[in-house]
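Structure record follows, encoded as structure tokens.
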Amino acid sequence: MAELITLARPYANAVFAAAQQSEQMDEWSDMLAFAAAVASDSQAKALVTHPTLPDEQKAAAFADFCEGKLSEQGQNLIALLAENRRLLLLPEIMVLFEGLRSQLDRSVSVELTTPIELTEKQQGKLVEALSRKLDRKVNLSTAMDKTLIGGVVIRAGDVVIDASVRGKLKKLAEAIGS
């Protein structure tokens, strides 16, 4: 996994610089998300890894999969990735691009998992508290998981705060078992 990220980093940095220079962050974000989804498709993977198909044909077929959702610059990126046999890096490129974008915007995506539905007021208080704690603008997404029993699990990048009853019971069981 780390190797894929290492290979994807120069492409993500170049795309980010181009998007920043042309002031097209949203467009690039959308293009990369779509292209990453296509690259994750089993048919696209089979095409990209086909041993006898020339790189130009792989790029053209991949662009056809994208159904006109790529700008000229996006198609150039696909051609470059195909030429360097790196089309399967698109999901990692997208993740790195979004990370760079979050750093620029001083924002962070936070996934909040709860056993019950939270009200708008509760979500607002959590966003406010997390914004102060993380010193960033928080983009909150919520999910429900009834197996948590109570409490919450908060994921912000590589930071995980498990304040769930299930997590506390697991820690207690580990403490008793050792």
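By convention here, the chains of the structure tokens are called A, B, ... in the order presented, each chain's residues are numbered starting at 1, and ligands are numbered starting at 1 in the order presented.
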Among segment 23-69 of chain A, which residues carry a DSSP assignment of helix (DSSP H, G or I), reported as an MDAnalysis selection string? chainID A and resid 25:40 42:48 55:65
Across A:Ser178, A:Ser109, A:Gln103, A:Ser40, the smallest distance to Ser131 of chain A, with only C-alpha atoms counted, is shown by A:Ser109
| message | as a PyMOL selection string, please: every residue in segment 10-169 of chain A that DSSP puts in strand (DSSP E or B). | response | chain A and resi 107-114+137-144+151-156+159-164
Taking C-alpha atoms for each residue, export the selection above as a compact mmCIF listing (two decimals), in the first residue's frame.
```txt
# COMPACT_ATOMS: atom_id res chain seq x y z
CA SER A 107 -10.51 21.56 6.57
CA VAL A 108 -10.89 17.95 7.57
CA SER A 109 -13.46 15.31 6.74
CA VAL A 110 -14.84 13.68 9.87
CA GLU A 111 -16.88 10.49 9.90
CA LEU A 112 -19.10 10.17 12.94
CA THR A 113 -20.60 6.76 13.72
CA THR A 114 -23.36 6.55 16.32
CA LYS A 137 -13.09 23.49 9.46
CA VAL A 138 -14.95 20.20 9.91
CA ASN A 139 -16.92 18.52 7.12
CA LEU A 140 -19.10 16.03 8.97
CA SER A 141 -20.57 12.84 7.58
CA THR A 142 -22.62 10.55 9.79
CA ALA A 143 -23.35 6.83 9.86
CA MET A 144 -25.34 4.60 12.17
CA GLY A 151 -21.39 6.61 22.51
CA VAL A 152 -19.66 7.54 19.26
CA VAL A 153 -16.70 6.67 17.04
CA ILE A 154 -15.05 9.66 15.37
CA ARG A 155 -12.64 9.27 12.43
CA ALA A 156 -10.73 12.32 11.19
CA VAL A 159 -7.14 9.98 14.11
CA VAL A 160 -9.77 7.65 15.59
CA ILE A 161 -11.60 8.47 18.81
CA ASP A 162 -13.55 5.44 20.00
CA ALA A 163 -15.89 6.67 22.75
CA SER A 164 -18.41 3.89 22.18
```
For segment 95-101 of chain A, work out the shell of residues within 10 Å, counting only C-alpha atoms and skipping chain neighbours fewer than 2 positions away, then give it as an NGL selection string.
-> :A and (5 or 8-17 or 19-20 or 25-26 or 28-29 or 32-33 or 36 or 90-93 or 103-109 or 157)
TODO: For segment 44-48 of chain A, list every protein, DNA or RNA residue within 12 Å, evaluated using only C-alpha atoms, and leave out those in the same chain fewer than 3 positions away; present the list as a PyMOL selection string.
DONE: chain A and resi 35-41+51-66+78-79+81-90
